[in-house]
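One file, model.txt, carrying compact mmCIF, C-alpha atoms and all ligand atoms:
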```
# COMPACT_ATOMS: atom_id res chain seq x y z
CA MET U 19 76.74 7.51 203.25
CA PHE U 20 79.12 6.27 205.90
CA THR U 21 79.68 9.87 207.00
CA LYS U 22 76.08 9.93 208.34
CA LEU U 23 76.87 7.08 210.72
CA LYS U 24 77.25 8.29 214.24
CA ASP U 25 79.81 6.23 216.08
CA GLU U 26 78.67 7.36 219.47
CA LYS U 27 80.77 4.90 221.42
CA LEU U 28 84.03 5.88 219.81
CA PHE U 29 83.32 9.60 219.93
CA ALA U 30 82.36 9.31 223.58
CA VAL U 31 85.81 7.82 224.18
CA ILE U 32 87.45 10.69 222.26
CA ALA U 33 85.38 13.22 224.21
CA ARG U 34 86.55 11.65 227.47
CA GLU U 35 90.16 11.86 226.31
CA GLU U 36 89.63 15.50 225.37
CA GLN U 37 88.22 16.16 228.83
CA ARG U 38 91.12 14.30 230.47
CA GLN U 39 93.62 16.45 228.57
CA GLU U 40 91.75 19.62 229.58
CA GLN U 41 91.54 18.69 233.26
CA GLU U 42 94.98 17.22 233.88
CA ILE U 43 98.40 18.80 234.16
CA ASN U 44 100.62 17.12 231.58
CA LEU U 45 104.29 16.96 232.57
CA ILE U 46 105.27 14.21 230.13
CA ALA U 47 108.42 15.66 228.56
CA SER U 48 107.76 14.14 225.13
CA GLU U 49 104.14 15.32 224.78
CA ASN U 50 102.54 18.58 223.70
CA TYR U 51 99.25 19.94 222.37
CA ALA U 52 99.27 20.32 218.59
CA SER U 53 97.37 23.36 217.32
CA GLN U 54 93.90 23.08 215.84
CA VAL U 55 95.40 23.85 212.43
CA VAL U 56 97.82 20.92 212.71
CA ARG U 57 94.95 18.69 213.82
CA THR U 58 92.74 19.91 210.98
CA ALA U 59 95.40 18.93 208.44
CA THR U 60 95.80 15.54 210.14
CA ALA U 61 92.06 14.94 209.79
CA SER U 62 91.95 16.11 206.15
CA VAL U 63 91.18 14.27 202.89
CA MET U 64 94.91 13.77 202.38
CA THR U 65 94.41 10.55 204.38
CA ASN U 66 92.65 9.05 201.35
CA LYS U 67 95.64 9.21 199.02
CA TYR U 68 98.24 6.61 198.16
CA ALA U 69 101.48 8.24 197.04
CA GLU U 70 104.31 5.69 197.14
CA GLY U 71 107.39 7.45 195.89
CA TYR U 72 108.43 11.07 196.21
CA PRO U 73 107.04 14.35 194.76
CA GLY U 74 107.12 14.20 190.96
CA LYS U 75 108.06 10.47 191.01
CA ARG U 76 105.08 8.56 192.37
CA TYR U 77 103.81 5.06 191.66
CA TYR U 78 100.19 6.35 191.62
CA SER U 79 98.37 9.03 189.66
CA GLY U 80 96.39 11.87 191.19
CA CYS U 81 99.30 13.06 193.30
CA THR U 82 99.45 16.71 192.21
CA PHE U 83 98.19 18.11 195.48
CA VAL U 84 99.81 15.68 197.85
CA ASP U 85 103.04 16.51 196.01
CA GLY U 86 102.32 20.15 196.86
CA ALA U 87 101.91 19.28 200.55
CA GLU U 88 105.08 17.18 200.68
CA ASN U 89 107.14 19.82 198.85
CA LEU U 90 105.98 22.45 201.34
CA ALA U 91 106.88 20.18 204.25
CA ILE U 92 110.34 19.46 202.79
CA GLU U 93 111.16 23.09 202.02
CA ARG U 94 109.94 24.40 205.38
CA CYS U 95 111.77 21.65 207.24
CA LYS U 96 115.04 22.39 205.42
CA LYS U 97 114.64 26.07 206.16
CA LEU U 98 113.85 25.50 209.83
CA PHE U 99 116.97 23.43 210.47
CA ASN U 100 119.22 24.72 207.71
CA ALA U 101 119.45 21.24 206.22
CA GLU U 102 120.79 20.14 202.84
CA HIS U 103 118.24 17.35 202.48
CA ALA U 104 115.01 16.44 204.31
CA ASN U 105 112.87 13.33 204.12
CA VAL U 106 109.51 13.90 205.83
CA GLN U 107 107.99 10.44 205.25
CA ALA U 108 109.18 8.54 208.34
CA HIS U 109 106.11 7.47 210.29
CA SER U 110 107.85 7.89 213.64
CA GLY U 111 111.13 8.71 215.36
CA SER U 112 112.00 5.02 215.61
CA GLN U 113 111.49 4.54 211.88
CA ALA U 114 113.54 7.67 211.20
CA ASN U 115 116.43 6.08 213.10
CA MET U 116 115.88 2.75 211.37
CA ALA U 117 116.00 4.51 207.99
CA VAL U 118 119.38 6.05 208.79
CA TYR U 119 120.84 2.71 209.90
CA PHE U 120 119.48 0.92 206.83
CA SER U 121 120.81 3.56 204.45
CA VAL U 122 124.49 3.24 205.46
CA LEU U 123 124.98 0.24 207.78
CA GLN U 124 125.04 -3.53 207.35
CA PRO U 125 123.70 -5.98 209.95
CA GLY U 126 126.48 -6.73 212.42
CA ASP U 127 128.11 -3.29 212.14
CA THR U 128 128.97 -1.60 215.41
CA ILE U 129 126.90 1.37 216.59
CA MET U 130 127.50 3.42 219.71
CA GLY U 131 124.71 5.32 221.46
CA MET U 132 123.70 6.53 224.91
CA ASP U 133 122.60 3.81 227.32
CA LEU U 134 118.84 3.76 227.91
CA SER U 135 119.28 3.77 231.69
CA ALA U 136 121.49 6.88 231.45
CA GLY U 137 118.82 8.74 229.47
CA GLY U 138 119.23 7.34 225.93
CA HIS U 139 116.62 5.84 223.62
CA LEU U 140 115.58 2.26 222.76
CA THR U 141 116.55 2.68 219.12
CA HIS U 142 120.08 3.76 219.96
CA GLY U 143 121.15 0.14 220.48
CA TYR U 144 119.07 -1.27 223.36
CA PRO U 145 119.64 -5.05 223.34
CA ILE U 146 116.00 -6.09 222.85
CA ASN U 147 115.23 -3.36 220.31
CA PHE U 148 115.85 -3.97 216.57
CA SER U 149 118.86 -1.65 216.85
CA GLY U 150 120.52 -3.85 219.47
CA LYS U 151 119.53 -7.08 217.73
CA LEU U 152 120.68 -6.21 214.21
CA PHE U 153 123.80 -4.28 215.12
CA ASN U 154 126.64 -4.79 217.53
CA SER U 155 125.77 -2.17 220.10
CA VAL U 156 128.17 -0.39 222.42
CA SER U 157 126.75 2.10 224.93
CA TYR U 158 128.14 5.13 226.67
CA ALA U 159 126.68 6.32 229.98
CA VAL U 160 127.12 9.58 231.88
CA ASN U 161 129.76 10.62 234.39
CA PRO U 162 128.74 9.18 237.80
CA GLU U 163 129.69 12.43 239.56
CA THR U 164 128.21 15.07 237.26
CA GLU U 165 125.57 12.80 235.63
CA GLN U 166 126.48 14.62 232.39
CA LEU U 167 127.98 13.34 229.13
CA ASP U 168 131.63 12.47 229.62
CA PHE U 169 133.40 13.16 226.34
CA ASP U 170 136.74 11.70 227.44
CA GLU U 171 134.96 8.45 228.16
CA ILE U 172 133.01 8.60 224.90
CA GLN U 173 136.24 9.18 222.98
CA LYS U 174 137.91 6.27 224.78
CA LEU U 175 135.03 3.91 223.99
CA ALA U 176 134.98 5.07 220.37
CA GLU U 177 138.72 4.41 219.98
CA GLN U 178 138.33 1.01 221.61
CA HIS U 179 135.30 -0.21 219.62
CA LYS U 180 135.70 1.72 216.35
CA PRO U 181 131.94 2.00 215.71
CA LYS U 182 130.65 2.53 212.18
CA MET U 183 128.17 5.04 213.58
CA ILE U 184 128.01 7.21 216.71
CA ILE U 185 124.59 8.34 217.88
CA ALA U 186 124.01 11.42 220.02
CA GLY U 187 120.67 12.36 221.52
CA ALA U 188 118.57 11.41 224.52
CA SER U 189 115.09 10.97 225.94
CA ALA U 190 115.94 12.01 229.49
CA TYR U 191 118.83 14.45 229.55
CA SER U 192 118.52 18.02 230.76
CA ARG U 193 121.77 19.54 229.56
CA ILE U 194 123.03 21.04 226.30
CA ILE U 195 124.46 18.36 224.01
CA ASP U 196 127.76 19.34 222.40
CA PHE U 197 127.13 18.02 218.90
CA GLN U 198 130.36 19.51 217.57
CA ARG U 199 132.36 17.45 220.07
CA PHE U 200 130.48 14.30 219.08
CA ALA U 201 131.26 15.02 215.41
CA GLU U 202 134.96 15.43 216.18
CA ILE U 203 135.07 12.10 218.00
CA ALA U 204 133.22 10.42 215.12
CA GLN U 205 135.64 11.90 212.63
CA ASN U 206 138.65 10.78 214.69
CA VAL U 207 137.58 7.16 214.56
CA GLY U 208 136.12 7.23 211.02
CA ALA U 209 132.52 6.83 212.20
CA LEU U 210 129.39 8.32 210.72
CA PHE U 211 127.52 10.65 213.06
CA LEU U 212 123.77 10.57 213.71
CA ALA U 213 122.18 13.19 215.97
CA ASP U 214 118.70 12.30 217.21
CA MET U 215 117.21 15.64 218.30
CA ALA U 216 113.64 14.40 218.86
CA HIS U 217 113.29 15.91 222.32
CA ILE U 218 114.92 19.25 221.65
CA ALA U 219 113.89 19.92 218.02
CA GLY U 220 111.68 22.88 218.99
CA LEU U 221 114.55 24.48 220.91
CA VAL U 222 116.94 23.83 218.02
CA ALA U 223 114.48 25.36 215.54
CA VAL U 224 114.66 28.72 217.32
CA GLY U 225 118.35 28.68 218.25
CA LEU U 226 117.93 27.90 221.95
CA HIS U 227 119.94 24.70 221.60
CA PRO U 228 122.90 24.21 219.22
CA ASN U 229 121.77 22.82 215.88
CA PRO U 230 123.35 19.44 215.08
CA THR U 231 122.70 19.80 211.32
CA PRO U 232 126.04 21.42 210.40
CA TYR U 233 128.00 18.68 212.20
CA ALA U 234 126.04 15.47 211.66
CA ASP U 235 125.81 13.23 208.62
CA PHE U 236 122.21 12.52 209.63
CA VAL U 237 119.78 14.19 211.99
CA THR U 238 116.53 12.52 213.04
CA SER U 239 113.59 13.87 214.97
CA THR U 240 110.00 13.37 215.86
CA THR U 241 107.66 16.23 215.04
CA HIS U 242 105.33 16.15 218.04
CA LYS U 243 107.45 16.88 221.10
CA THR U 244 108.87 20.39 221.66
CA LEU U 245 108.35 20.92 217.90
CA ARG U 246 104.56 20.71 218.53
CA GLY U 247 103.50 19.34 215.15
CA PRO U 248 101.65 16.10 214.40
CA ARG U 249 102.91 12.70 215.58
CA GLY U 250 105.62 11.57 213.16
CA GLY U 251 109.27 11.52 212.16
CA ILE U 252 111.75 13.27 209.87
CA VAL U 253 115.30 12.64 208.69
CA LEU U 254 117.74 15.34 207.61
CA SER U 255 120.99 14.49 205.88
CA LYS U 256 123.92 15.83 203.98
CA GLU U 257 123.16 15.94 200.26
CA LYS U 258 125.63 13.10 199.56
CA PHE U 259 123.41 10.67 201.54
CA ALA U 260 120.09 11.93 200.12
CA GLN U 261 119.51 9.16 197.56
CA GLN U 262 120.51 6.32 199.89
CA LEU U 263 118.31 7.71 202.62
CA ASP U 264 115.23 8.18 200.43
CA LYS U 265 115.63 4.64 199.09
CA ALA U 266 116.01 3.23 202.59
CA ILE U 267 112.65 4.73 203.55
CA MET U 268 110.80 3.88 200.32
CA PRO U 269 110.99 1.12 199.07
CA GLY U 270 113.34 -0.05 201.83
CA MET U 271 111.09 0.23 204.85
CA GLN U 272 107.80 1.94 204.17
CA GLY U 273 105.16 1.80 201.46
CA GLY U 274 102.62 4.59 201.15
CA PRO U 275 103.49 7.72 203.09
CA LEU U 276 100.89 9.16 205.48
CA MET U 277 100.02 12.20 203.35
CA HIS U 278 97.65 13.70 205.94
CA VAL U 279 100.44 13.60 208.52
CA ILE U 280 102.94 15.04 206.03
CA ALA U 281 100.47 17.89 205.34
CA ALA U 282 100.22 18.46 209.10
CA LYS U 283 104.02 18.39 209.38
CA ALA U 284 104.07 21.22 206.82
CA VAL U 285 101.73 23.19 209.10
CA GLY U 286 103.82 22.41 212.16
CA PHE U 287 106.99 23.64 210.43
CA TYR U 288 105.14 26.77 209.29
CA GLU U 289 104.13 27.52 212.88
CA ALA U 290 107.68 26.89 214.06
CA LEU U 291 108.97 29.45 211.54
CA GLN U 292 106.91 32.22 213.17
CA PRO U 293 108.50 34.61 215.70
CA GLU U 294 106.00 33.56 218.41
CA PHE U 295 107.50 30.09 218.39
CA LYS U 296 110.74 31.42 219.84
CA THR U 297 108.85 33.18 222.64
CA TYR U 298 107.09 29.91 223.37
CA GLN U 299 110.35 27.93 223.53
CA GLN U 300 111.96 30.56 225.76
CA GLN U 301 109.04 30.17 228.17
CA VAL U 302 109.34 26.35 228.03
CA ILE U 303 112.91 26.65 229.35
CA LYS U 304 112.03 29.32 231.93
CA ASN U 305 109.22 27.12 233.22
CA ALA U 306 111.47 24.04 233.43
CA GLN U 307 114.11 26.01 235.34
CA ALA U 308 111.54 27.54 237.71
CA MET U 309 109.99 24.15 238.41
CA ALA U 310 113.38 22.46 238.91
CA GLN U 311 114.33 25.18 241.40
CA ALA U 312 111.02 24.77 243.25
CA PHE U 313 111.62 21.00 243.58
CA THR U 314 115.16 21.67 244.80
CA ASP U 315 113.79 24.06 247.43
CA LEU U 316 111.37 21.33 248.50
CA GLY U 317 114.28 18.96 249.14
CA TYR U 318 114.46 16.92 245.94
CA ARG U 319 117.69 16.17 244.09
CA ILE U 320 117.57 17.10 240.42
CA VAL U 321 119.66 14.81 238.18
CA THR U 322 122.67 16.90 236.96
CA GLY U 323 121.59 19.62 239.41
CA GLY U 324 119.28 21.49 237.03
CA THR U 325 118.21 21.96 233.43
CA ASP U 326 119.16 23.85 230.26
CA ASN U 327 116.19 22.60 228.26
CA HIS U 328 112.53 21.57 228.50
CA GLN U 329 112.93 18.70 230.95
CA PHE U 330 114.61 17.32 234.05
CA THR U 331 114.51 14.17 236.16
CA ILE U 332 114.04 14.28 239.92
CA ASP U 333 115.35 11.71 242.34
CA VAL U 334 112.37 11.01 244.63
CA ARG U 335 114.21 8.84 247.17
CA SER U 336 114.49 11.69 249.67
CA LYS U 337 110.70 11.38 250.15
CA LYS U 338 111.02 7.63 250.77
CA ILE U 339 109.11 6.65 247.65
CA THR U 340 109.94 5.08 244.29
CA GLY U 341 109.35 6.53 240.83
CA ARG U 342 106.51 4.10 240.30
CA THR U 343 104.70 5.03 243.53
CA ALA U 344 105.12 8.71 242.67
CA GLU U 345 103.82 8.24 239.12
CA VAL U 346 100.71 6.34 240.27
CA ALA U 347 99.87 8.78 243.08
CA LEU U 348 100.41 11.82 240.84
CA ALA U 349 98.21 10.30 238.13
CA SER U 350 95.39 9.83 240.61
CA ALA U 351 95.67 13.53 241.49
CA GLY U 352 95.51 14.60 237.81
CA ILE U 353 99.24 15.18 237.29
CA THR U 354 100.53 13.05 234.41
CA LEU U 355 104.21 12.21 234.06
CA ASN U 356 106.38 9.13 233.74
CA ARG U 357 108.67 7.34 236.14
CA ASN U 358 112.25 7.31 234.94
CA CYS U 359 115.53 5.72 235.90
CA ILE U 360 118.07 8.05 237.40
CA PRO U 361 121.66 7.38 236.22
CA PHE U 362 122.98 4.16 237.85
CA ASP U 363 119.54 3.59 239.37
CA PRO U 364 119.54 0.89 242.05
CA GLU U 365 115.88 0.13 241.20
CA LYS U 366 114.68 -1.85 238.17
CA PRO U 367 113.27 0.12 235.16
CA TRP U 368 109.72 -0.96 236.13
CA ILE U 369 110.10 0.69 239.55
CA THR U 370 112.81 3.40 239.22
CA SER U 371 114.00 6.06 241.69
CA GLY U 372 112.95 9.05 239.64
CA VAL U 373 110.28 10.83 237.65
CA ARG U 374 110.86 12.76 234.43
CA ILE U 375 109.25 16.17 234.16
CA GLY U 376 108.78 18.33 231.07
CA THR U 377 107.20 21.72 230.49
CA PRO U 378 106.28 21.86 226.75
CA ALA U 379 102.60 21.03 227.34
CA ILE U 380 101.89 23.34 230.30
CA THR U 381 103.65 26.17 228.42
CA THR U 382 101.42 25.64 225.38
CA ARG U 383 98.48 26.17 227.75
CA GLY U 384 99.97 29.57 228.58
CA MET U 385 101.36 28.75 232.02
CA LYS U 386 104.38 30.67 233.24
CA GLU U 387 106.94 30.42 236.10
CA LYS U 388 104.34 31.14 238.81
CA GLN U 389 102.18 28.21 237.72
CA ALA U 390 105.26 26.02 237.20
CA LYS U 391 106.21 26.57 240.85
CA GLU U 392 102.62 26.00 241.96
CA ILE U 393 102.62 22.68 240.11
CA ALA U 394 105.86 21.65 241.86
CA HIS U 395 104.15 22.32 245.20
CA LEU U 396 101.05 20.35 244.20
CA ALA U 397 103.23 17.42 243.04
CA HIS U 398 105.16 17.58 246.31
CA GLU U 399 101.89 17.42 248.32
CA VAL U 400 101.00 14.28 246.39
CA MET U 401 104.38 12.61 246.83
CA ILE U 402 104.58 13.16 250.57
CA ASN U 403 100.93 12.11 251.02
CA HIS U 404 100.82 9.39 248.39
CA ALA U 405 98.78 7.00 250.54
CA ASP U 406 96.29 9.61 251.77
CA GLU U 407 93.23 9.45 249.50
CA THR U 408 91.64 12.58 250.97
CA LYS U 409 94.76 14.67 250.32
CA LEU U 410 95.01 13.31 246.77
CA LYS U 411 91.38 14.26 246.09
CA LEU U 412 92.04 17.75 247.38
CA VAL U 413 95.03 18.19 245.06
CA LYS U 414 92.97 16.82 242.16
CA GLU U 415 90.45 19.61 242.71
CA GLN U 416 93.25 22.23 242.80
CA VAL U 417 94.68 20.76 239.58
CA LYS U 418 91.26 21.06 237.90
CA GLN U 419 90.92 24.67 238.99
CA LEU U 420 94.36 25.54 237.64
CA CYS U 421 93.63 23.80 234.34
CA LYS U 422 90.36 25.73 234.00
CA LEU U 423 92.34 28.96 234.01
CA TYR U 424 94.54 27.71 231.15
CA PRO U 425 92.30 25.89 228.69
CA ILE U 426 94.05 24.04 225.87
CA GLU U 427 91.88 25.65 223.21
CA GLN U 428 93.12 29.07 224.28
CA ASN U 429 96.46 28.09 222.81
CA GLU U 430 97.60 31.50 221.63
CA PHE U 431 99.51 29.94 218.81
CA VAL U 432 96.46 28.61 216.97
CA LEU U 433 96.62 30.54 213.72
CA PRO U 434 93.29 30.93 211.92
CA PHE U 435 93.07 30.44 208.18
CA THR U 436 92.79 34.10 207.16
CA SER U 437 94.48 36.16 204.50
CA ASP U 438 96.66 37.51 207.31
CA PHE U 439 97.73 33.91 207.98
CA ASN U 440 98.94 33.66 204.40
CA GLN U 441 100.87 36.90 204.61
CA ARG U 442 102.67 36.08 207.82
CA GLN U 443 105.56 34.27 206.18
CA ASP U 444 107.12 34.25 202.74
CA SER U 445 105.79 31.84 200.10
CA LEU U 446 106.55 28.86 202.33
N1 LIG U 501 108.80 7.75 224.16
C1 LIG U 501 109.55 8.96 223.95
C2 LIG U 501 109.78 9.70 225.21
O1 LIG U 501 108.90 9.69 226.04
O2 LIG U 501 110.82 10.31 225.38
C3 LIG U 501 110.80 8.70 223.23
O3 LIG U 501 110.52 8.01 222.06
```

Would you write out, as structure tokens, the structure that this file holds?
Amino acid sequence: MFTKLKDEKLFAVIAREEQRQEQEINLIASENYASQVVRTATASVMTNKYAEGYPGKRYYSGCTFVDGAENLAIERCKKLFNAEHANVQAHSGSQANMAVYFSVLQPGDTIMGMDLSAGGHLTHGYPINFSGKLFNSVSYAVNPETEQLDFDEIQKLAEQHKPKMIIAGASAYSRIIDFQRFAEIAQNVGALFLADMAHIAGLVAVGLHPNPTPYADFVTSTTHKTLRGPRGGIVLSKEKFAQQLDKAIMPGMQGGPLMHVIAAKAVGFYEALQPEFKTYQQQVIKNAQAMAQAFTDLGYRIVTGGTDNHQFTIDVRSKKITGRTAEVALASAGITLNRNCIPFDPEKPWITSGVRIGTPAITTRGMKEKQAKEIAHLAHEVMINHADETKLKLVKEQVKQLCKLYPIEQNEFVLPFTSDFNQRQDSL
């Protein structure tokens, strides 16, 4: 049997990755640690099944149980976000966005999303992404003074360009997004409204960020960021778009759905429906605010001046370095994050003047404000001593020690498969 084969090389690589995750502080705002239960579902026999179609209407036989998994994922997802319709088959956030465009737009239509350099996403109309190539893309930025969304400007652009669709949502934006205002602007110019909540979905799920679902025609998300499920995408829509949307995904864009990932999405949504998930998200925000304050106290400028959510971007120019230098030095000291443009960045995207910082992953490890501040101080040590190998080694040791105190496997939210587990929620 193939299962008896020991692929030592590959599993050695996985073991090294596991060790890296254990020993490094992860500040990448879009990453998290999925629970063992989510990972168990991802590694389950559901990976063996072809199930093109939707529950009850498949192009293959033998789908009884994968239907069960997909129905659970759909129902839990709808409940979590109070949605009329949910499609849980999108393989990723990008494909979720593509599915929305393909369900209601024609090539050449005008779309209007946030500029990538202001904090937006590639699939919101970036010129070299499919969204910018297939559609006529107009971008809105942020206010140069406040670095926040400028709704007067967005309204003006919308009136000028009359887009067929307006897209709200960001990859690097630390403030509350007023989805209601976006919906009003869209309505004023006769545009459809898509809210991409990939970064903030976990906060939305527990009411710590306004839910776009009541206002938007479509809502897309990934499932692995603050939501802490498996890697993948979802699309929510108003009932009137349900058929078009489902058709755009299958047969329009995708063939067989990833049933193991859909099963794991069901688990992720189940976890997010538990009361502990709100406590976790509250701590994510507290940690981000504590860390942002610590960086401010150390003389860094925070883009927009602070954060309302799980992330923020710091301008590192006051320490006479670039985002890229900071990212590389921090990585060598065991602190993982990504360089990021600040709004109207004078540096190119490969270099940048900032780094983006997020707290979902450290919070999953159980870290609180005290550790968040400690991490800011460690990162500061690295940035001001980025060329000093001895100092970097010293910080790396301190990082390891801190990580040892907060092992990933001690994730308090790992729910064991017990009868108690089954009784924790209603039949979902
Ligand atoms: N790559 C993701 C992020 O880091 O925000 C967005 O898709």

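You will find CA of Thr354 (chain U) at 5.0 Å from CA of Asn44 (chain U).
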
If I put a ball of radius 12 Å at (90.6, 14.2, 212.8) in the file's coordinates, which residues poke into it when counting all atoms listed in the file, written as a ChimeraX atom specification?
/U:29,32,54-65,248,278-279,282

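Between CA of Gly143 (chain U) and CA of Ser155 (chain U) lies a distance of 5.2 Å.
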
For the interface of chain U with ligand LIG 501 (chain U) (cut-off 12 Å, counting all atoms listed in the file), please tabulate each contacting residue of chain U alongside its nearest pair of atoms and their separation in Å to one decimal, rows sorted by chain and increasing number, as a tab-separated table.
```
residue	atom	partner	partner_atom	distance
U:Leu45	CA	U:LIG501	O1	10.8
U:Ile46	CA	U:LIG501	O1	7.1
U:Ala47	CA	U:LIG501	O1	6.5
U:Ser48	CA	U:LIG501	O1	4.7
U:Glu49	CA	U:LIG501	O1	7.5
U:Asn50	CA	U:LIG501	O1	11.2
U:Ser110	CA	U:LIG501	O3	8.8
U:Gly111	CA	U:LIG501	O3	6.8
U:Ser112	CA	U:LIG501	O3	7.3
U:Gln113	CA	U:LIG501	O3	10.8
U:Ala114	CA	U:LIG501	O3	11.3
U:Asn115	CA	U:LIG501	O3	10.9
U:Leu134	CA	U:LIG501	C3	10.5
U:Gly137	CA	U:LIG501	O2	9.1
U:Gly138	CA	U:LIG501	O2	8.9
U:His139	CA	U:LIG501	C3	6.5
U:Leu140	CA	U:LIG501	O3	7.7
U:Thr141	CA	U:LIG501	O3	8.6
U:His142	CA	U:LIG501	O3	10.7
U:Gly187	CA	U:LIG501	C3	10.7
U:Ala188	CA	U:LIG501	O2	7.9
U:Ser189	CA	U:LIG501	O2	4.4
U:Ala190	CA	U:LIG501	O2	6.8
U:Tyr191	CA	U:LIG501	O2	9.9
U:Asp214	CA	U:LIG501	O3	10.4
U:Met215	CA	U:LIG501	C3	10.7
U:Ala216	CA	U:LIG501	C3	7.7
U:His217	CA	U:LIG501	O2	6.8
U:Ile218	CA	U:LIG501	O2	10.5
U:Thr238	CA	U:LIG501	O3	11.7
U:Ser239	CA	U:LIG501	O3	9.7
U:Thr240	CA	U:LIG501	O3	8.2
U:Thr241	CA	U:LIG501	O3	11.2
U:His242	CA	U:LIG501	C1	10.2
U:Lys243	CA	U:LIG501	O2	8.5
U:Thr244	CA	U:LIG501	O2	10.9
U:Arg249	CA	U:LIG501	O3	11.0
U:Gly250	CA	U:LIG501	O3	10.8
U:Gly251	CA	U:LIG501	O3	10.6
U:His328	CA	U:LIG501	O2	11.8
U:Gln329	CA	U:LIG501	O2	10.3
U:Phe330	CA	U:LIG501	O2	11.8
U:Leu355	CA	U:LIG501	O1	9.6
U:Asn356	CA	U:LIG501	O1	8.1
U:Arg357	CA	U:LIG501	O1	10.4
U:Asn358	CA	U:LIG501	O1	9.8
U:Val373	CA	U:LIG501	O1	11.7
U:Arg374	CA	U:LIG501	O1	9.1
U:Ile375	CA	U:LIG501	O1	10.4
U:Gly376	CA	U:LIG501	O1	10.0
```

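Here the question is which of U:Ser157, U:Ser192, U:Thr164, U:Asn229 gets nearest to Ala101 (chain U) using only C-alpha atoms, and that residue is U:Asn229.
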
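When only C-alpha atoms are used to compute distances to Ala91 (chain U), the closest of the residues U:Arg319, U:His227, U:Lys283, U:Lys386 turns out to be U:Lys283.
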
Using all atoms listed in the file, find the one residue out of U:Gln389, U:Thr343, U:Thr322, U:Asn89 that sits nearest to Ile194 (chain U).
U:Thr322

From the set U:Asn147, U:Phe236, U:Leu316, U:Gly86, which residue has the shortest atom-to-atom contact distance to Lys258 (chain U), counting all atoms listed in the file?
U:Phe236

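For the pair CA of Lys418 (chain U) and CA of Gln41 (chain U), the interatomic distance is 5.2 Å.
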
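The nearest approach to Leu221 (chain U) among the residues U:Asn327, U:Thr314, U:Gln205, U:Gln272, with all atoms listed in the file taken into account, belongs to U:Asn327.
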
Find, counting only C-alpha atoms, the residue in U:Ala397, U:Ala52, U:Met116, U:Ile185 that gets nearest to Leu152 (chain U).
U:Met116

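Within the 9 Å cut-off around Gln299 (chain U), using all atoms listed in the file and omitting residues fewer than 2 positions from it on the same chain, the listed residues are Gly220, Leu221, Val224, Leu226, Thr244, Glu294, Phe295, Lys296, Thr297, Gln301, Val302, Ile303, Lys304, His328, Pro378 and Thr381 of chain U.
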
Taking the structure I provided as the source, export region 320-332 of chain U with N, CA and C atoms, as a short mmCIF file (atom, residue, chain, number, x, y, z; two decimals), in the first residue's frame.
```
data_model
loop_
_atom_site.label_atom_id
_atom_site.label_comp_id
_atom_site.auth_asym_id
_atom_site.auth_seq_id
_atom_site.Cartn_x
_atom_site.Cartn_y
_atom_site.Cartn_z
N ILE U 320 2.36 55.67 12.87
CA ILE U 320 1.42 54.63 12.44
C ILE U 320 0.53 55.24 11.36
N VAL U 321 0.38 54.57 10.23
CA VAL U 321 -0.50 55.06 9.16
C VAL U 321 -1.92 55.19 9.74
N THR U 322 -2.55 56.32 9.51
CA THR U 322 -3.86 56.73 10.06
C THR U 322 -3.81 57.06 11.56
N GLY U 323 -2.65 56.88 12.17
CA GLY U 323 -2.51 57.23 13.59
C GLY U 323 -2.88 56.12 14.57
N GLY U 324 -3.38 55.00 14.09
CA GLY U 324 -3.72 53.92 15.02
C GLY U 324 -4.51 52.82 14.33
N THR U 325 -5.23 52.03 15.11
CA THR U 325 -5.98 50.92 14.51
C THR U 325 -7.29 50.64 15.24
N ASP U 326 -8.30 50.24 14.46
CA ASP U 326 -9.58 49.79 15.02
C ASP U 326 -9.73 48.28 14.84
N ASN U 327 -8.76 47.65 14.15
CA ASN U 327 -8.96 46.24 13.83
C ASN U 327 -7.73 45.40 14.21
N HIS U 328 -7.41 44.42 13.39
CA HIS U 328 -6.37 43.45 13.72
C HIS U 328 -5.01 43.84 13.18
N GLN U 329 -4.91 44.96 12.48
CA GLN U 329 -3.66 45.27 11.79
C GLN U 329 -3.39 46.77 11.75
N PHE U 330 -2.15 47.10 11.43
CA PHE U 330 -1.76 48.48 11.18
C PHE U 330 -0.46 48.47 10.38
N THR U 331 -0.16 49.60 9.76
CA THR U 331 1.08 49.72 8.99
C THR U 331 1.94 50.79 9.65
N ILE U 332 3.22 50.50 9.85
CA ILE U 332 4.08 51.54 10.41
C ILE U 332 5.02 52.09 9.35
#
```
